[in-house]
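Structure data follow from upload-v1.pdb (PDB, C-alpha atoms and all ligand atoms):
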```pdb
ATOM      1  CA  MET F  69    -262.503  57.841 -19.475  1.00  0.00           C
ATOM      2  CA  GLY F  70    -265.622  60.014 -19.671  1.00  0.00           C
ATOM      3  CA  CYS F  71    -264.882  62.282 -16.743  1.00  0.00           C
ATOM      4  CA  ARG F  72    -261.142  61.617 -16.901  1.00  0.00           C
ATOM      5  CA  GLY F  73    -261.047  60.881 -13.243  1.00  0.00           C
ATOM      6  CA  THR F  74    -258.688  58.184 -12.145  1.00  0.00           C
ATOM      7  CA  ASP F  75    -259.767  55.223 -10.132  1.00  0.00           C
ATOM      8  CA  SER F  76    -258.796  51.648  -9.535  1.00  0.00           C
ATOM      9  CA  TRP F  77    -259.962  49.135 -12.093  1.00  0.00           C
ATOM     10  CA  SER F  78    -262.154  47.402  -9.570  1.00  0.00           C
ATOM     11  CA  ALA F  79    -264.226  50.567  -9.193  1.00  0.00           C
ATOM     12  CA  LEU F  80    -264.754  50.960 -12.911  1.00  0.00           C
ATOM     13  CA  LEU F  81    -267.058  49.342 -15.398  1.00  0.00           C
ATOM     14  CA  ARG F  82    -265.383  47.726 -18.373  1.00  0.00           C
ATOM     15  CA  VAL F  83    -267.165  47.789 -21.688  1.00  0.00           C
ATOM     16  CA  VAL F  84    -266.094  45.926 -24.783  1.00  0.00           C
ATOM     17  CA  ALA F  85    -267.205  45.987 -28.377  1.00  0.00           C
ATOM     18  CA  ALA F  86    -269.111  42.829 -29.218  1.00  0.00           C
ATOM     19  CA  THR F  87    -267.570  41.195 -32.246  1.00  0.00           C
ATOM     20  CA  ASP F  88    -269.277  38.954 -34.702  1.00  0.00           C
ATOM     21  CA  GLY F  89    -266.952  35.993 -35.143  1.00  0.00           C
ATOM     22  CA  ASP F  90    -263.568  37.314 -36.102  1.00  0.00           C
ATOM     23  CA  GLY F  91    -264.871  40.494 -37.649  1.00  0.00           C
ATOM     24  CA  TRP F  92    -266.615  43.535 -36.333  1.00  0.00           C
ATOM     25  CA  GLY F  93    -269.976  42.501 -37.733  1.00  0.00           C
ATOM     26  CA  THR F  94    -272.264  45.068 -39.234  1.00  0.00           C
ATOM     27  CA  PRO F  95    -272.377  48.580 -37.839  1.00  0.00           C
ATOM     28  CA  PRO F  96    -273.334  49.824 -35.410  1.00  0.00           C
ATOM     29  CA  VAL F  97    -270.993  47.914 -33.153  1.00  0.00           C
ATOM     30  CA  THR F  98    -272.696  46.933 -29.913  1.00  0.00           C
ATOM     31  CA  LEU F  99    -270.994  47.771 -26.659  1.00  0.00           C
ATOM     32  CA  CYS F 100    -271.487  45.304 -23.819  1.00  0.00           C
ATOM     33  CA  PRO F 101    -270.772  45.721 -20.132  1.00  0.00           C
ATOM     34  CA  ASP F 102    -268.061  43.273 -19.129  1.00  0.00           C
ATOM     35  CA  LEU F 103    -268.898  42.666 -15.517  1.00  0.00           C
ATOM     36  CA  ARG F 104    -266.179  40.102 -14.849  1.00  0.00           C
ATOM     37  CA  HIS F 105    -263.445  41.933 -16.754  1.00  0.00           C
ATOM     38  CA  ARG F 106    -262.910  38.798 -18.760  1.00  0.00           C
ATOM     39  CA  MET F 107    -264.188  39.439 -22.223  1.00  0.00           C
ATOM     40  CA  PRO F 108    -261.515  39.470 -24.912  1.00  0.00           C
ATOM     41  CA  GLY F 109    -260.601  42.455 -26.954  1.00  0.00           C
ATOM     42  CA  ARG F 110    -259.959  46.069 -26.303  1.00  0.00           C
ATOM     43  CA  GLY F 111    -261.973  47.481 -23.469  1.00  0.00           C
ATOM     44  CA  ALA F 112    -262.958  50.939 -22.361  1.00  0.00           C
ATOM     45  CA  TRP F 113    -263.345  51.873 -18.738  1.00  0.00           C
ATOM     46  CA  LEU F 114    -265.752  54.226 -17.099  1.00  0.00           C
ATOM     47  CA  HIS F 115    -267.355  54.847 -13.771  1.00  0.00           C
ATOM     48  CA  PRO F 116    -270.582  52.868 -13.519  1.00  0.00           C
ATOM     49  CA  THR F 117    -272.603  56.033 -13.104  1.00  0.00           C
ATOM     50  CA  PRO F 118    -275.093  57.736 -15.426  1.00  0.00           C
ATOM     51  CA  GLY F 119    -273.071  60.953 -15.361  1.00  0.00           C
ATOM     52  CA  CYS F 120    -269.825  59.363 -16.439  1.00  0.00           C
ATOM     53  CA  PHE F 121    -271.600  57.348 -19.096  1.00  0.00           C
ATOM     54  CA  GLU F 122    -273.433  60.329 -20.562  1.00  0.00           C
ATOM     55  CA  LEU F 123    -270.207  62.276 -20.693  1.00  0.00           C
ATOM     56  CA  ALA F 124    -268.479  59.452 -22.521  1.00  0.00           C
ATOM     57  CA  VAL F 125    -271.323  59.249 -25.029  1.00  0.00           C
ATOM     58  CA  ARG F 126    -271.281  62.997 -25.631  1.00  0.00           C
ATOM     59  CA  ARG F 127    -267.558  63.006 -26.197  1.00  0.00           C
ATOM     60  CA  LYS F 128    -267.735  59.885 -28.347  1.00  0.00           C
ATOM     61  CA  ALA F 129    -265.143  58.521 -25.991  1.00  0.00           C
ATOM     62  CA  PHE F 130    -266.131  54.900 -26.578  1.00  0.00           C
ATOM     63  CA  GLY F 131    -265.317  54.989 -30.268  1.00  0.00           C
ATOM     64  CA  ARG F 132    -261.981  56.605 -29.528  1.00  0.00           C
ATOM     65  CA  ALA F 133    -261.038  54.285 -26.701  1.00  0.00           C
ATOM     66  CA  LEU F 134    -261.971  51.231 -28.716  1.00  0.00           C
ATOM     67  CA  ARG F 135    -260.524  52.559 -31.981  1.00  0.00           C
ATOM     68  CA  LEU F 136    -263.786  52.056 -33.806  1.00  0.00           C
ATOM     69  CA  GLN F 137    -264.422  53.818 -37.073  1.00  0.00           C
ATOM     70  CA  VAL F 138    -268.123  53.083 -37.078  1.00  0.00           C
ATOM     71  CA  ALA F 139    -271.115  54.041 -34.988  1.00  0.00           C
ATOM     72  CA  VAL F 140    -271.439  52.330 -31.630  1.00  0.00           C
ATOM     73  CA  ASP F 141    -274.647  51.151 -30.015  1.00  0.00           C
ATOM     74  CA  VAL F 142    -274.418  51.912 -26.323  1.00  0.00           C
ATOM     75  CA  SER F 143    -277.960  50.867 -25.392  1.00  0.00           C
ATOM     76  CA  ALA F 144    -276.858  47.658 -23.634  1.00  0.00           C
ATOM     77  CA  VAL F 145    -274.534  49.646 -21.385  1.00  0.00           C
ATOM     78  CA  ALA F 146    -277.233  52.254 -20.826  1.00  0.00           C
ATOM     79  CA  ARG F 147    -279.645  49.548 -19.741  1.00  0.00           C
ATOM     80  CA  HIS F 148    -277.053  48.128 -17.400  1.00  0.00           C
ATOM     81  CA  LEU F 149    -276.776  51.527 -15.740  1.00  0.00           C
ATOM     82  CA  GLY F 150    -280.530  51.849 -15.557  1.00  0.00           C
ATOM     83  CA  LEU F 151    -280.759  54.407 -18.347  1.00  0.00           C
ATOM     84  CA  GLN F 152    -282.794  54.333 -21.474  1.00  0.00           C
ATOM     85  CA  HIS F 153    -281.175  55.262 -24.727  1.00  0.00           C
ATOM     86  CA  GLU F 154    -282.772  55.211 -28.095  1.00  0.00           C
TER      87      GLU F 154
HETATM   88 ZN    ZN F 201    -265.971  58.833 -14.505  1.00  0.00          ZN
END
```

Show how you would write the structure in this file as structure tokens.
Ligand SMILES: [Zn+2]
Amino acid sequence: MGCRGTDSWSALLRVVAATDGDGWGTPPVTLCPDLRHRMPGRGAWLHPTPGCFELAVRRKAFGRALRLQVAVDVSAVARHLGLQHE
């Protein structure tokens, strides 16, 4: 995603949009790291590195990959990668 490099799934971090019941909840949609690759729903993949993550955020790649029309809250993923996002 972000950097458009290719890699095997096992090397990538999967993130999913957290849903609220059967809907999308109230915006912004929260993105969660899916460490076991088991959470339901559409996922986006990126390298678990700050650089790849920042690139994805700048390009709004998460919203595109997850087909979201609303703002996304990436702070949970940022924290997972050891970054701070406001
Ligand atoms: Zn990457």

For a quick check of understanding, using all atoms listed in the file, which of F:Ser76, F:Met107, F:Arg147, F:Val142 has the smallest distance to F:Arg126? F:Val142

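The coordinates place atom CA of F:Asp75 at 20.9 Å from atom CA of F:Gly131.
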
So how far away is atom CA of F:Lys128 from atom CA of F:Asp102, in Å? 19.0 Å

At most 12 Å from ligand ZN 201 (chain F) (all atoms listed in the file): residue list as a ChimeraX atom specification: /F:69-77,79-82,112-125,129

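Picture a line from atom CA of F:Leu149 to atom CA of F:Pro101; it runs 9.4 Å.
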
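Nearest-residue note for F:His148: choosing from F:Ala133, F:Leu103, F:Val97, F:Arg110, the minimum distance belongs to F:Leu103, counting only C-alpha atoms.
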
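Here the question is which of F:Gln152, F:Ser143, F:His105, F:Arg132 gets nearest to F:Val84 using all atoms listed in the file, and that residue is F:His105.
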
Run through the PyMOL selection byres (((chain F and resi 98) around 9) and not hetatm) on the given coordinates and return the selected residues as a ChimeraX atom specification. /F:84-87,95-97,99-100,139-144

Stretch 101-106 of chain F: axis-aligned bounding box, 6 Å on each side, centre and edge lengths in Å, one decimal, as lines of an AutoDock Vina configuration file:
```
center_x = -266.8
center_y = 42.3
center_z = -17.5
size_x = 19.9
size_y = 18.9
size_z = 17.3
```
